[in-house]
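The structure file final_5.pdb is reproduced below (PDB, C-alpha atoms).
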```
MODEL        1
ATOM      1  CA  MET A   1    -141.169-133.853   4.736
ATOM      2  CA  ALA A   2    -137.688-135.301   4.359
ATOM      3  CA  THR A   3    -134.840-132.869   3.787
ATOM      4  CA  VAL A   4    -132.101-133.577   1.271
ATOM      5  CA  THR A   5    -128.879-133.898   3.199
ATOM      6  CA  SER A   6    -126.535-134.991   0.426
ATOM      7  CA  SER A   7    -126.326-134.520  -3.318
ATOM      8  CA  VAL A   8    -127.434-137.386  -5.537
ATOM      9  CA  TRP A   9    -124.584-136.562  -7.938
ATOM     10  CA  THR A  10    -121.259-137.728  -6.578
ATOM     11  CA  GLY A  11    -119.089-136.012  -9.085
ATOM     12  CA  GLY A  12    -119.566-138.357 -12.005
ATOM     13  CA  ARG A  13    -116.930-140.078 -14.092
ATOM     14  CA  SER A  14    -114.002-138.305 -15.679
ATOM     15  CA  PRO A  15    -114.815-138.577 -19.419
ATOM     16  CA  TYR A  16    -111.192-138.187 -20.516
ATOM     17  CA  ALA A  17    -109.473-139.813 -17.536
ATOM     18  CA  VAL A  18    -106.887-137.028 -17.415
ATOM     19  CA  ASN A  19    -106.327-134.359 -14.808
ATOM     20  CA  SER A  20    -107.447-130.784 -15.470
ATOM     21  CA  LYS A  21    -103.885-129.440 -15.981
ATOM     22  CA  LYS A  22    -103.201-131.961 -18.712
ATOM     23  CA  PHE A  23    -106.543-131.341 -20.406
ATOM     24  CA  GLY A  24    -105.942-127.574 -20.224
ATOM     25  CA  MET A  25    -102.530-128.001 -21.856
ATOM     26  CA  TRP A  26    -104.069-130.137 -24.620
ATOM     27  CA  LEU A  27    -106.643-127.404 -25.306
ATOM     28  CA  PHE A  28    -103.855-124.808 -25.446
ATOM     29  CA  ILE A  29    -101.835-127.021 -27.805
ATOM     30  CA  ILE A  30    -104.788-127.401 -30.176
ATOM     31  CA  SER A  31    -105.389-123.637 -30.262
ATOM     32  CA  ASP A  32    -101.674-122.973 -30.745
ATOM     33  CA  ALA A  33    -101.567-125.585 -33.507
ATOM     34  CA  LEU A  34    -104.243-123.560 -35.309
ATOM     35  CA  THR A  35    -102.133-120.404 -34.920
ATOM     36  CA  PHE A  36     -99.110-122.106 -36.487
ATOM     37  CA  SER A  37    -101.310-123.692 -39.171
ATOM     38  CA  ALA A  38    -102.614-120.241 -40.119
ATOM     39  CA  LEU A  39     -99.065-118.864 -40.275
ATOM     40  CA  LEU A  40     -97.826-121.784 -42.370
ATOM     41  CA  MET A  41    -100.839-121.336 -44.596
ATOM     42  CA  ALA A  42    -100.057-117.610 -44.994
ATOM     43  CA  TYR A  43     -96.446-118.499 -45.827
ATOM     44  CA  THR A  44     -97.568-121.064 -48.418
ATOM     45  CA  TYR A  45    -100.103-118.600 -49.858
ATOM     46  CA  VAL A  46     -97.564-115.847 -50.540
ATOM     47  CA  ARG A  47     -95.043-118.372 -51.756
ATOM     48  CA  LEU A  48     -97.463-119.904 -54.264
ATOM     49  CA  SER A  49     -98.664-116.532 -55.519
ATOM     50  CA  THR A  50     -95.134-115.121 -55.927
ATOM     51  CA  PRO A  51     -93.420-116.320 -59.116
ATOM     52  CA  ASN A  52     -89.845-115.311 -58.187
ATOM     53  CA  TRP A  53     -89.748-116.692 -54.651
ATOM     54  CA  PRO A  54     -86.084-116.792 -53.528
ATOM     55  CA  THR A  55     -84.251-119.977 -52.525
ATOM     56  CA  PRO A  56     -81.543-118.520 -50.320
ATOM     57  CA  PHE A  57     -80.629-121.638 -48.319
ATOM     58  CA  GLN A  58     -77.490-123.221 -49.766
ATOM     59  CA  PHE A  59     -77.375-126.952 -48.994
ATOM     60  CA  SER A  60     -74.026-126.384 -47.328
ATOM     61  CA  PRO A  61     -73.972-124.705 -44.846
ATOM     62  CA  ALA A  62     -77.596-123.490 -44.316
ATOM     63  CA  ILE A  63     -79.481-126.794 -44.753
ATOM     64  CA  ILE A  64     -76.846-128.797 -42.853
ATOM     65  CA  PHE A  65     -77.005-126.157 -40.131
ATOM     66  CA  SER A  66     -80.809-126.352 -39.854
ATOM     67  CA  THR A  67     -80.567-130.169 -39.866
ATOM     68  CA  VAL A  68     -78.339-129.938 -36.774
ATOM     69  CA  MET A  69     -80.987-127.659 -35.226
ATOM     70  CA  THR A  70     -83.630-130.305 -36.004
ATOM     71  CA  PHE A  71     -81.407-132.971 -34.415
ATOM     72  CA  SER A  72     -81.136-130.808 -31.261
ATOM     73  CA  LEU A  73     -84.918-130.473 -30.970
ATOM     74  CA  LEU A  74     -85.582-134.174 -31.678
ATOM     75  CA  SER A  75     -82.996-135.144 -29.062
ATOM     76  CA  SER A  76     -84.546-132.717 -26.577
ATOM     77  CA  SER A  77     -87.884-134.493 -27.046
ATOM     78  CA  LEU A  78     -86.235-137.830 -26.255
ATOM     79  CA  THR A  79     -84.610-136.464 -23.081
ATOM     80  CA  MET A  80     -87.917-134.839 -22.063
ATOM     81  CA  VAL A  81     -89.879-138.060 -22.421
ATOM     82  CA  MET A  82     -87.147-139.816 -20.386
ATOM     83  CA  GLY A  83     -87.594-137.131 -17.710
ATOM     84  CA  VAL A  84     -91.354-137.703 -17.610
ATOM     85  CA  HIS A  85     -90.731-141.475 -17.431
ATOM     86  CA  ALA A  86     -88.281-141.051 -14.536
ATOM     87  CA  MET A  87     -90.720-138.805 -12.671
ATOM     88  CA  ASN A  88     -93.562-141.279 -13.224
ATOM     89  CA  HIS A  89     -91.380-143.853 -11.481
ATOM     90  CA  GLY A  90     -90.682-141.500  -8.578
ATOM     91  CA  ASN A  91     -87.039-140.870  -9.500
ATOM     92  CA  ARG A  92     -86.789-137.104  -8.966
ATOM     93  CA  LYS A  93     -82.989-136.845  -9.355
ATOM     94  CA  ALA A  94     -83.030-138.578 -12.723
ATOM     95  CA  ALA A  95     -86.013-136.469 -13.801
ATOM     96  CA  VAL A  96     -84.124-133.245 -13.017
ATOM     97  CA  ARG A  97     -81.071-134.494 -14.951
ATOM     98  CA  TRP A  98     -83.192-135.370 -18.000
ATOM     99  CA  ILE A  99     -85.009-132.004 -17.887
ATOM    100  CA  LEU A 100     -81.656-130.193 -17.686
ATOM    101  CA  ALA A 101     -80.431-132.212 -20.698
ATOM    102  CA  THR A 102     -83.609-131.125 -22.521
ATOM    103  CA  MET A 103     -82.827-127.511 -21.683
ATOM    104  CA  VAL A 104     -79.262-127.859 -23.010
ATOM    105  CA  CYS A 105     -80.594-129.206 -26.340
ATOM    106  CA  GLY A 106     -83.240-126.454 -26.464
ATOM    107  CA  ALA A 107     -80.652-123.757 -25.694
ATOM    108  CA  ALA A 108     -78.401-125.183 -28.433
ATOM    109  CA  PHE A 109     -81.325-124.851 -30.849
ATOM    110  CA  VAL A 110     -81.883-121.196 -29.878
ATOM    111  CA  VAL A 111     -78.162-120.322 -30.181
ATOM    112  CA  LEU A 112     -77.909-121.999 -33.613
ATOM    113  CA  HIS A 113     -81.121-120.351 -34.764
ATOM    114  CA  LEU A 114     -80.025-116.885 -33.622
ATOM    115  CA  SER A 115     -76.632-117.252 -35.323
ATOM    116  CA  GLU A 116     -78.438-118.262 -38.528
ATOM    117  CA  TRP A 117     -80.711-115.211 -38.229
ATOM    118  CA  LEU A 118     -77.720-112.915 -37.697
ATOM    119  CA  LYS A 119     -75.985-114.399 -40.740
ATOM    120  CA  LEU A 120     -79.102-113.787 -42.857
ATOM    121  CA  ILE A 121     -79.456-110.216 -41.572
ATOM    122  CA  HIS A 122     -75.800-109.126 -41.742
ATOM    123  CA  GLU A 123     -74.365-111.153 -44.640
ATOM    124  CA  GLU A 124     -77.366-111.668 -46.925
ATOM    125  CA  HIS A 125     -79.130-108.412 -45.932
ATOM    126  CA  VAL A 126     -82.480-110.106 -45.356
ATOM    127  CA  THR A 127     -84.759-108.187 -42.975
ATOM    128  CA  PRO A 128     -88.508-108.542 -42.274
ATOM    129  CA  PHE A 129     -89.131-105.685 -44.726
ATOM    130  CA  ASP A 130     -86.505-105.979 -47.438
ATOM    131  CA  ASN A 131     -84.069-108.370 -49.143
ATOM    132  CA  PRO A 132     -81.764-108.360 -52.187
ATOM    133  CA  TRP A 133     -84.193-110.458 -54.268
ATOM    134  CA  GLY A 134     -87.000-107.872 -54.221
ATOM    135  CA  VAL A 135     -89.508-110.161 -52.460
ATOM    136  CA  PRO A 136     -90.056-108.450 -49.084
ATOM    137  CA  LEU A 137     -92.726-110.991 -48.114
ATOM    138  CA  PHE A 138     -89.990-113.635 -47.934
ATOM    139  CA  GLY A 139     -88.367-111.920 -44.940
ATOM    140  CA  GLY A 140     -91.726-110.982 -43.414
ATOM    141  CA  THR A 141     -93.102-114.534 -43.427
ATOM    142  CA  PHE A 142     -89.756-116.183 -42.613
ATOM    143  CA  PHE A 143     -89.031-114.068 -39.549
ATOM    144  CA  ALA A 144     -92.670-114.149 -38.339
ATOM    145  CA  LEU A 145     -92.869-117.941 -38.556
ATOM    146  CA  THR A 146     -89.444-118.850 -37.193
ATOM    147  CA  GLY A 147     -89.605-115.966 -34.682
ATOM    148  CA  LEU A 148     -92.886-117.187 -33.189
ATOM    149  CA  HIS A 149     -91.452-120.689 -32.976
ATOM    150  CA  MET A 150     -88.250-119.466 -31.320
ATOM    151  CA  THR A 151     -90.369-117.489 -28.831
ATOM    152  CA  HIS A 152     -92.137-120.740 -27.956
ATOM    153  CA  VAL A 153     -88.764-122.477 -27.446
ATOM    154  CA  ILE A 154     -87.529-119.665 -25.170
ATOM    155  CA  ILE A 155     -90.792-119.749 -23.149
ATOM    156  CA  GLY A 156     -90.372-123.538 -22.966
ATOM    157  CA  LEU A 157     -86.843-123.133 -21.575
ATOM    158  CA  ILE A 158     -88.146-120.781 -18.853
ATOM    159  CA  TYR A 159     -91.036-123.187 -18.110
ATOM    160  CA  LEU A 160     -88.672-126.189 -17.882
ATOM    161  CA  SER A 161     -86.228-124.309 -15.642
ATOM    162  CA  ILE A 162     -89.083-123.605 -13.190
ATOM    163  CA  ILE A 163     -90.189-127.256 -13.346
ATOM    164  CA  ALA A 164     -86.607-128.564 -12.888
ATOM    165  CA  PHE A 165     -86.027-126.236  -9.930
ATOM    166  CA  GLY A 166     -89.335-127.260  -8.329
ATOM    167  CA  VAL A 167     -88.829-130.987  -8.902
ATOM    168  CA  GLY A 168     -85.328-130.724  -7.418
ATOM    169  CA  ARG A 169     -86.810-129.160  -4.286
ATOM    170  CA  GLY A 170     -89.509-131.840  -4.071
ATOM    171  CA  LYS A 171     -92.330-129.493  -4.989
ATOM    172  CA  PHE A 172     -93.999-130.677  -8.208
ATOM    173  CA  LYS A 173     -95.829-133.909  -8.933
ATOM    174  CA  ALA A 174     -95.363-136.274 -11.896
ATOM    175  CA  GLU A 175     -98.383-134.760 -13.673
ATOM    176  CA  ASP A 176     -96.732-131.305 -13.652
ATOM    177  CA  VAL A 177     -93.651-132.682 -15.395
ATOM    178  CA  GLU A 178     -95.867-134.508 -17.890
ATOM    179  CA  VAL A 179     -97.772-131.292 -18.703
ATOM    180  CA  SER A 180     -94.509-129.380 -19.276
ATOM    181  CA  GLY A 181     -93.415-132.293 -21.486
ATOM    182  CA  LEU A 182     -96.570-131.931 -23.593
ATOM    183  CA  TYR A 183     -95.696-128.288 -24.260
ATOM    184  CA  TRP A 184     -92.102-129.125 -25.147
ATOM    185  CA  HIS A 185     -93.071-131.922 -27.546
ATOM    186  CA  PHE A 186     -95.513-129.568 -29.247
ATOM    187  CA  VAL A 187     -92.676-127.084 -29.906
ATOM    188  CA  ASP A 188     -90.714-129.959 -31.452
ATOM    189  CA  LEU A 189     -93.745-131.027 -33.494
ATOM    190  CA  VAL A 190     -94.218-127.557 -35.002
ATOM    191  CA  TRP A 191     -90.586-127.545 -36.140
ATOM    192  CA  MET A 192     -91.266-130.822 -38.002
ATOM    193  CA  PHE A 193     -93.407-128.713 -40.376
ATOM    194  CA  ILE A 194     -91.357-125.485 -40.437
ATOM    195  CA  PHE A 195     -88.087-127.289 -41.258
ATOM    196  CA  PRO A 196     -89.281-128.968 -44.493
ATOM    197  CA  LEU A 197     -91.674-126.258 -45.691
ATOM    198  CA  VAL A 198     -89.502-123.215 -45.002
ATOM    199  CA  TYR A 199     -85.939-124.568 -45.224
ATOM    200  CA  LEU A 200     -85.907-127.687 -47.391
ATOM    201  CA  MET A 201     -88.352-126.269 -49.953
ATOM    202  CA  SER A 202     -86.063-123.238 -50.332
ATOM    203  CA  ALA A 203     -82.840-125.249 -50.590
ATOM    204  CA  LYS A 204     -80.306-124.468 -53.291
ATOM    205  CA  VAL A 205     -77.804-127.202 -54.182
TER     206      VAL A 205
ATOM    207  CA  MET B   1    -109.971-136.373  -3.474
ATOM    208  CA  SER B   2    -107.563-139.218  -3.441
ATOM    209  CA  THR B   3    -104.000-138.717  -2.344
ATOM    210  CA  HIS B   4    -101.223-139.529  -4.793
ATOM    211  CA  SER B   5     -97.886-141.079  -4.111
ATOM    212  CA  GLU B   6     -94.802-140.085  -6.133
ATOM    213  CA  ALA B   7     -95.564-142.635  -8.818
ATOM    214  CA  VAL B   8     -98.431-141.915 -11.152
ATOM    215  CA  ASP B   9    -101.519-144.068 -10.747
ATOM    216  CA  HIS B  10    -102.211-144.676 -14.445
ATOM    217  CA  ILE B  11    -100.907-147.717 -16.225
ATOM    218  CA  GLU B  12     -97.519-147.166 -17.820
ATOM    219  CA  THR B  13     -97.714-148.628 -21.310
ATOM    220  CA  ALA B  14     -94.700-147.169 -23.139
ATOM    221  CA  SER B  15     -91.143-148.242 -22.376
ATOM    222  CA  THR B  16     -87.882-146.308 -22.727
ATOM    223  CA  LYS B  17     -86.974-148.725 -25.541
ATOM    224  CA  SER B  18     -90.014-147.609 -27.550
ATOM    225  CA  PHE B  19     -89.050-143.938 -27.010
ATOM    226  CA  VAL B  20     -85.555-144.557 -28.398
ATOM    227  CA  THR B  21     -87.029-146.502 -31.345
ATOM    228  CA  VAL B  22     -89.373-143.592 -32.148
ATOM    229  CA  TRP B  23     -86.436-141.152 -31.868
ATOM    230  CA  PHE B  24     -84.428-143.207 -34.392
ATOM    231  CA  ALA B  25     -87.452-143.359 -36.709
ATOM    232  CA  LEU B  26     -87.811-139.560 -36.508
ATOM    233  CA  LEU B  27     -84.093-139.094 -37.242
ATOM    234  CA  PHE B  28     -84.315-141.492 -40.185
ATOM    235  CA  MET B  29     -87.288-139.641 -41.703
ATOM    236  CA  THR B  30     -85.509-136.305 -41.224
ATOM    237  CA  GLY B  31     -82.505-137.813 -43.033
ATOM    238  CA  VAL B  32     -84.741-138.873 -45.934
ATOM    239  CA  GLU B  33     -86.150-135.335 -46.152
ATOM    240  CA  VAL B  34     -82.647-133.814 -46.257
ATOM    241  CA  VAL B  35     -81.500-136.290 -48.945
ATOM    242  CA  LEU B  36     -84.590-135.349 -51.005
ATOM    243  CA  ALA B  37     -83.668-131.670 -50.637
ATOM    244  CA  TYR B  38     -80.200-132.510 -51.982
ATOM    245  CA  LEU B  39     -81.577-134.529 -54.928
ATOM    246  CA  GLN B  40     -84.104-131.788 -55.810
ATOM    247  CA  PRO B  41     -86.912-133.961 -57.285
ATOM    248  CA  PRO B  42     -89.870-132.330 -59.154
ATOM    249  CA  VAL B  43     -91.699-129.868 -56.885
ATOM    250  CA  LEU B  44     -94.972-131.791 -56.603
ATOM    251  CA  ILE B  45     -93.245-135.065 -55.660
ATOM    252  CA  PHE B  46     -90.910-133.216 -53.293
ATOM    253  CA  LEU B  47     -93.744-131.334 -51.554
ATOM    254  CA  THR B  48     -95.920-134.459 -51.257
ATOM    255  CA  ALA B  49     -93.035-136.466 -49.775
ATOM    256  CA  LEU B  50     -92.127-133.697 -47.320
ATOM    257  CA  VAL B  51     -95.696-133.127 -46.114
ATOM    258  CA  GLY B  52     -96.323-136.895 -45.912
ATOM    259  CA  LEU B  53     -93.179-137.513 -43.855
ATOM    260  CA  SER B  54     -93.955-134.502 -41.635
ATOM    261  CA  VAL B  55     -97.453-135.820 -40.897
ATOM    262  CA  ILE B  56     -96.011-139.262 -40.003
ATOM    263  CA  LYS B  57     -93.394-137.622 -37.760
ATOM    264  CA  ALA B  58     -96.048-135.477 -36.067
ATOM    265  CA  ALA B  59     -98.243-138.540 -35.525
ATOM    266  CA  LEU B  60     -95.327-140.450 -33.922
ATOM    267  CA  ILE B  61     -94.543-137.520 -31.606
ATOM    268  CA  ILE B  62     -98.203-137.140 -30.598
ATOM    269  CA  ALA B  63     -98.770-140.876 -30.121
ATOM    270  CA  TYR B  64     -95.610-141.831 -28.212
ATOM    271  CA  PHE B  65     -93.884-138.740 -26.828
ATOM    272  CA  MET B  66     -97.143-136.941 -25.994
ATOM    273  CA  HIS B  67     -98.635-140.234 -24.830
ATOM    274  CA  LEU B  68    -101.915-139.815 -26.739
ATOM    275  CA  LYS B  69    -101.808-143.445 -27.894
ATOM    276  CA  PHE B  70    -102.296-144.506 -24.279
ATOM    277  CA  GLU B  71    -105.023-141.996 -23.378
ATOM    278  CA  LYS B  72    -108.760-142.626 -23.696
ATOM    279  CA  LEU B  73    -110.114-142.455 -27.243
ATOM    280  CA  SER B  74    -112.566-139.741 -26.144
ATOM    281  CA  LEU B  75    -109.655-137.320 -25.610
ATOM    282  CA  PHE B  76    -108.401-137.857 -29.157
ATOM    283  CA  LEU B  77    -111.912-137.576 -30.618
ATOM    284  CA  THR B  78    -112.553-134.317 -28.757
ATOM    285  CA  LEU B  79    -109.329-132.624 -29.838
ATOM    286  CA  PHE B  80    -108.230-133.784 -33.254
ATOM    287  CA  PRO B  81    -111.188-134.014 -35.681
ATOM    288  CA  MET B  82    -111.861-130.296 -35.039
ATOM    289  CA  LEU B  83    -108.202-129.391 -35.631
ATOM    290  CA  ILE B  84    -107.994-131.402 -38.854
ATOM    291  CA  LEU B  85    -111.309-129.948 -40.098
ATOM    292  CA  CYS B  86    -110.095-126.385 -39.454
ATOM    293  CA  ILE B  87    -106.840-127.054 -41.327
ATOM    294  CA  ILE B  88    -108.739-128.568 -44.281
ATOM    295  CA  LEU B  89    -111.080-125.541 -44.352
ATOM    296  CA  MET B  90    -108.090-123.181 -44.406
ATOM    297  CA  LEU B  91    -106.489-125.215 -47.206
ATOM    298  CA  LEU B  92    -109.691-125.243 -49.268
ATOM    299  CA  MET B  93    -110.172-121.519 -48.812
ATOM    300  CA  PHE B  94    -106.670-120.185 -49.379
ATOM    301  CA  MET B  95    -104.814-122.521 -51.709
ATOM    302  CA  PRO B  96    -107.038-122.129 -54.820
ATOM    303  CA  ASP B  97    -106.992-118.377 -54.229
ATOM    304  CA  SER B  98    -103.187-118.245 -54.083
ATOM    305  CA  ASN B  99    -103.059-120.052 -57.422
ATOM    306  CA  ARG B 100    -105.629-117.601 -58.846
ATOM    307  CA  ALA B 101    -103.520-114.676 -57.599
ATOM    308  CA  LEU B 102    -100.528-116.129 -59.468
ATOM    309  CA  MET B 103    -102.540-116.567 -62.703
ATOM    310  CA  MET B 104    -104.025-113.067 -62.552
ATOM    311  CA  ARG B 105    -100.644-111.394 -62.052
ATOM    312  CA  THR B 106     -99.796-108.999 -64.876
ATOM    313  CA  PRO B 107     -96.452-109.864 -66.476
TER     314      PRO B 107
ENDMDL
END
```
Can I see the file as structure tokens?
Amino acid sequence: MATVTSSVWTGGRSPYAVNSKKFGMWLFIISDALTFSALLMAYTYVRLSTPNWPTPFQFSPAIIFSTVMTFSLLSSSLTMVMGVHAMNHGNRKAAVRWILATMVCGAAFVVLHLSEWLKLIHEEHVTPFDNPWGVPLFGGTFFALTGLHMTHVIIGLIYLSIIAFGVGRGKFKAEDVEVSGLYWHFVDLVWMFIFPLVYLMSAKV
Amino acid sequence: MSTHSEAVDHIETASTKSFVTVWFALLFMTGVEVVLAYLQPPVLIFLTALVGLSVIKAALIIAYFMHLKFEKLSLFLTLFPMLILCIILMLLMFMPDSNRALMMRTP
């Protein structure tokens, strides 16, 4: 009787033609997209069912300010994709420079966002539980939504700093930079919904 | 397991020029949204325009910056129909109820 010395299955084809890190990040992004969708839905729900929803964002300076924040995030996505492109072509130095530029834009976003939060808290007396307009859910949903997004940006900055440090020391491969890029673009993508629905819809000219 | 060189082994299909073009398109659409906020059109038109532009912007980011346009179709089909279905289910469930809550509110 002949003994089987090797497996008939050789590993098969990769159905998605992507590496496991990238596929894992895509799965995370989809699940995180559902989290943000649920939060945006909750925000829209309370907004629709509240007749006297406040519109505290004056066109100048609040909307102009948040537009600059949007510009920072959009620019950071461009620099990130340039970093991934440079790494794909084996140019580690350029990749590190582009990732650092991405981090500068991301940090600018966080600083602008925090200063806007502080202005809302100290000057307009809006907190997660109370505000002058008597609609406490405004502060609750606003700070929950923008706070979760800002947490993602801060985690992204830490993630990118590790990637930049590793790439500079010759440690990571192009796929690692690409996976970090996927995360960063997702953070940008979420803002593309928060900015119009939370800020522009509550603009006061 | 095959060994990789520094350069990635998949075919590079997007150029830096296309990235910059997409970035300008995203900036332009953001500009349109901000101008609409300044003009304050009727709420339904405003909301439809904002959501429409946001979906286009998200699609551009996913397709070009996140490279999904150049991945296998199977990856897209595995990830996105489920996401879109879940979002539609949430919309169908919660939005009519929020409107009902508004109508049932005692003055």
**Request:** Identify every residue of chain A that has at least one atom within 7 Å of any atom of chain B, counting all atoms listed in the file, and report the result as a VMD selection string.
**Result:** chain A and resid 16 to 17 30 37 45 48 to 50 59 78 81 to 82 88 to 90 173 to 174 182 185 189 192 to 193 196 200 203 205
Take the residues just selected and output them with C-alpha atoms as a PDB file, in the coordinates of the input.
```pdb
ATOM      1  CA  TYR A  16    -111.192-138.187 -20.516  1.00  0.00           C
ATOM      2  CA  ALA A  17    -109.473-139.813 -17.536  1.00  0.00           C
ATOM      3  CA  ILE A  30    -104.788-127.401 -30.176  1.00  0.00           C
ATOM      4  CA  SER A  37    -101.310-123.692 -39.171  1.00  0.00           C
ATOM      5  CA  TYR A  45    -100.103-118.600 -49.858  1.00  0.00           C
ATOM      6  CA  LEU A  48     -97.463-119.904 -54.264  1.00  0.00           C
ATOM      7  CA  SER A  49     -98.664-116.532 -55.519  1.00  0.00           C
ATOM      8  CA  THR A  50     -95.134-115.121 -55.927  1.00  0.00           C
ATOM      9  CA  PHE A  59     -77.375-126.952 -48.994  1.00  0.00           C
ATOM     10  CA  LEU A  78     -86.235-137.830 -26.255  1.00  0.00           C
ATOM     11  CA  VAL A  81     -89.879-138.060 -22.421  1.00  0.00           C
ATOM     12  CA  MET A  82     -87.147-139.816 -20.386  1.00  0.00           C
ATOM     13  CA  ASN A  88     -93.562-141.279 -13.224  1.00  0.00           C
ATOM     14  CA  HIS A  89     -91.380-143.853 -11.481  1.00  0.00           C
ATOM     15  CA  GLY A  90     -90.682-141.500  -8.578  1.00  0.00           C
ATOM     16  CA  LYS A 173     -95.829-133.909  -8.933  1.00  0.00           C
ATOM     17  CA  ALA A 174     -95.363-136.274 -11.896  1.00  0.00           C
ATOM     18  CA  LEU A 182     -96.570-131.931 -23.593  1.00  0.00           C
ATOM     19  CA  HIS A 185     -93.071-131.922 -27.546  1.00  0.00           C
ATOM     20  CA  LEU A 189     -93.745-131.027 -33.494  1.00  0.00           C
ATOM     21  CA  MET A 192     -91.266-130.822 -38.002  1.00  0.00           C
ATOM     22  CA  PHE A 193     -93.407-128.713 -40.376  1.00  0.00           C
ATOM     23  CA  PRO A 196     -89.281-128.968 -44.493  1.00  0.00           C
ATOM     24  CA  LEU A 200     -85.907-127.687 -47.391  1.00  0.00           C
ATOM     25  CA  ALA A 203     -82.840-125.249 -50.590  1.00  0.00           C
ATOM     26  CA  VAL A 205     -77.804-127.202 -54.182  1.00  0.00           C
TER      27      VAL A 205
END
```
**Message:** To one decimal place in Å, what is the distance between atom CA of A:Phe65 and atom CA of A:Lys119?
**Reply:** 11.8 Å
**Request:** Decode the PyMOL selection byres ((chain A and resi 96) around 8) for the given file into explicit residues and return them as an MDAnalysis selection string.
**Result:** chainID A and resid 83 92:95 97:100 164:165 167:168
**Item:** Shell around stretch 143-160 of chain A at 10 Å using all atoms listed in the file, local window under 3 positions removed, as an NGL selection string
**Value:** :A and (35-36 or 39-40 or 42-43 or 73 or 80 or 96 or 99-100 or 102-107 or 109-110 or 113-114 or 117 or 126-129 or 137-140 or 163-166 or 177 or 180-181 or 183-188 or 190-191 or 194-195 or 198)
Could you save the residues just selected, with C-alpha atoms, as a PDB file, in the coordinates of the input?
```pdb
ATOM      1  CA  THR A  35    -102.133-120.404 -34.920  1.00  0.00           C
ATOM      2  CA  PHE A  36     -99.110-122.106 -36.487  1.00  0.00           C
ATOM      3  CA  LEU A  39     -99.065-118.864 -40.275  1.00  0.00           C
ATOM      4  CA  LEU A  40     -97.826-121.784 -42.370  1.00  0.00           C
ATOM      5  CA  ALA A  42    -100.057-117.610 -44.994  1.00  0.00           C
ATOM      6  CA  TYR A  43     -96.446-118.499 -45.827  1.00  0.00           C
ATOM      7  CA  LEU A  73     -84.918-130.473 -30.970  1.00  0.00           C
ATOM      8  CA  MET A  80     -87.917-134.839 -22.063  1.00  0.00           C
ATOM      9  CA  VAL A  96     -84.124-133.245 -13.017  1.00  0.00           C
ATOM     10  CA  ILE A  99     -85.009-132.004 -17.887  1.00  0.00           C
ATOM     11  CA  LEU A 100     -81.656-130.193 -17.686  1.00  0.00           C
ATOM     12  CA  THR A 102     -83.609-131.125 -22.521  1.00  0.00           C
ATOM     13  CA  MET A 103     -82.827-127.511 -21.683  1.00  0.00           C
ATOM     14  CA  VAL A 104     -79.262-127.859 -23.010  1.00  0.00           C
ATOM     15  CA  CYS A 105     -80.594-129.206 -26.340  1.00  0.00           C
ATOM     16  CA  GLY A 106     -83.240-126.454 -26.464  1.00  0.00           C
ATOM     17  CA  ALA A 107     -80.652-123.757 -25.694  1.00  0.00           C
ATOM     18  CA  PHE A 109     -81.325-124.851 -30.849  1.00  0.00           C
ATOM     19  CA  VAL A 110     -81.883-121.196 -29.878  1.00  0.00           C
ATOM     20  CA  HIS A 113     -81.121-120.351 -34.764  1.00  0.00           C
ATOM     21  CA  LEU A 114     -80.025-116.885 -33.622  1.00  0.00           C
ATOM     22  CA  TRP A 117     -80.711-115.211 -38.229  1.00  0.00           C
ATOM     23  CA  VAL A 126     -82.480-110.106 -45.356  1.00  0.00           C
ATOM     24  CA  THR A 127     -84.759-108.187 -42.975  1.00  0.00           C
ATOM     25  CA  PRO A 128     -88.508-108.542 -42.274  1.00  0.00           C
ATOM     26  CA  PHE A 129     -89.131-105.685 -44.726  1.00  0.00           C
ATOM     27  CA  LEU A 137     -92.726-110.991 -48.114  1.00  0.00           C
ATOM     28  CA  PHE A 138     -89.990-113.635 -47.934  1.00  0.00           C
ATOM     29  CA  GLY A 139     -88.367-111.920 -44.940  1.00  0.00           C
ATOM     30  CA  GLY A 140     -91.726-110.982 -43.414  1.00  0.00           C
ATOM     31  CA  ILE A 163     -90.189-127.256 -13.346  1.00  0.00           C
ATOM     32  CA  ALA A 164     -86.607-128.564 -12.888  1.00  0.00           C
ATOM     33  CA  PHE A 165     -86.027-126.236  -9.930  1.00  0.00           C
ATOM     34  CA  GLY A 166     -89.335-127.260  -8.329  1.00  0.00           C
ATOM     35  CA  VAL A 177     -93.651-132.682 -15.395  1.00  0.00           C
ATOM     36  CA  SER A 180     -94.509-129.380 -19.276  1.00  0.00           C
ATOM     37  CA  GLY A 181     -93.415-132.293 -21.486  1.00  0.00           C
ATOM     38  CA  TYR A 183     -95.696-128.288 -24.260  1.00  0.00           C
ATOM     39  CA  TRP A 184     -92.102-129.125 -25.147  1.00  0.00           C
ATOM     40  CA  HIS A 185     -93.071-131.922 -27.546  1.00  0.00           C
ATOM     41  CA  PHE A 186     -95.513-129.568 -29.247  1.00  0.00           C
ATOM     42  CA  VAL A 187     -92.676-127.084 -29.906  1.00  0.00           C
ATOM     43  CA  ASP A 188     -90.714-129.959 -31.452  1.00  0.00           C
ATOM     44  CA  VAL A 190     -94.218-127.557 -35.002  1.00  0.00           C
ATOM     45  CA  TRP A 191     -90.586-127.545 -36.140  1.00  0.00           C
ATOM     46  CA  ILE A 194     -91.357-125.485 -40.437  1.00  0.00           C
ATOM     47  CA  PHE A 195     -88.087-127.289 -41.258  1.00  0.00           C
ATOM     48  CA  VAL A 198     -89.502-123.215 -45.002  1.00  0.00           C
TER      49      VAL A 198
END
```
Give the padded box for stretch 20-33 of chain B as JSON: axis-aligned, covering all atoms listed in the file, 6 Å on each side, centre and edge lengths in Å to one decimal.
```
{"center_x": -85.9, "center_y": -140.9, "center_z": -37.3, "size_x": 18.9, "size_y": 23.2, "size_z": 29.8}
```
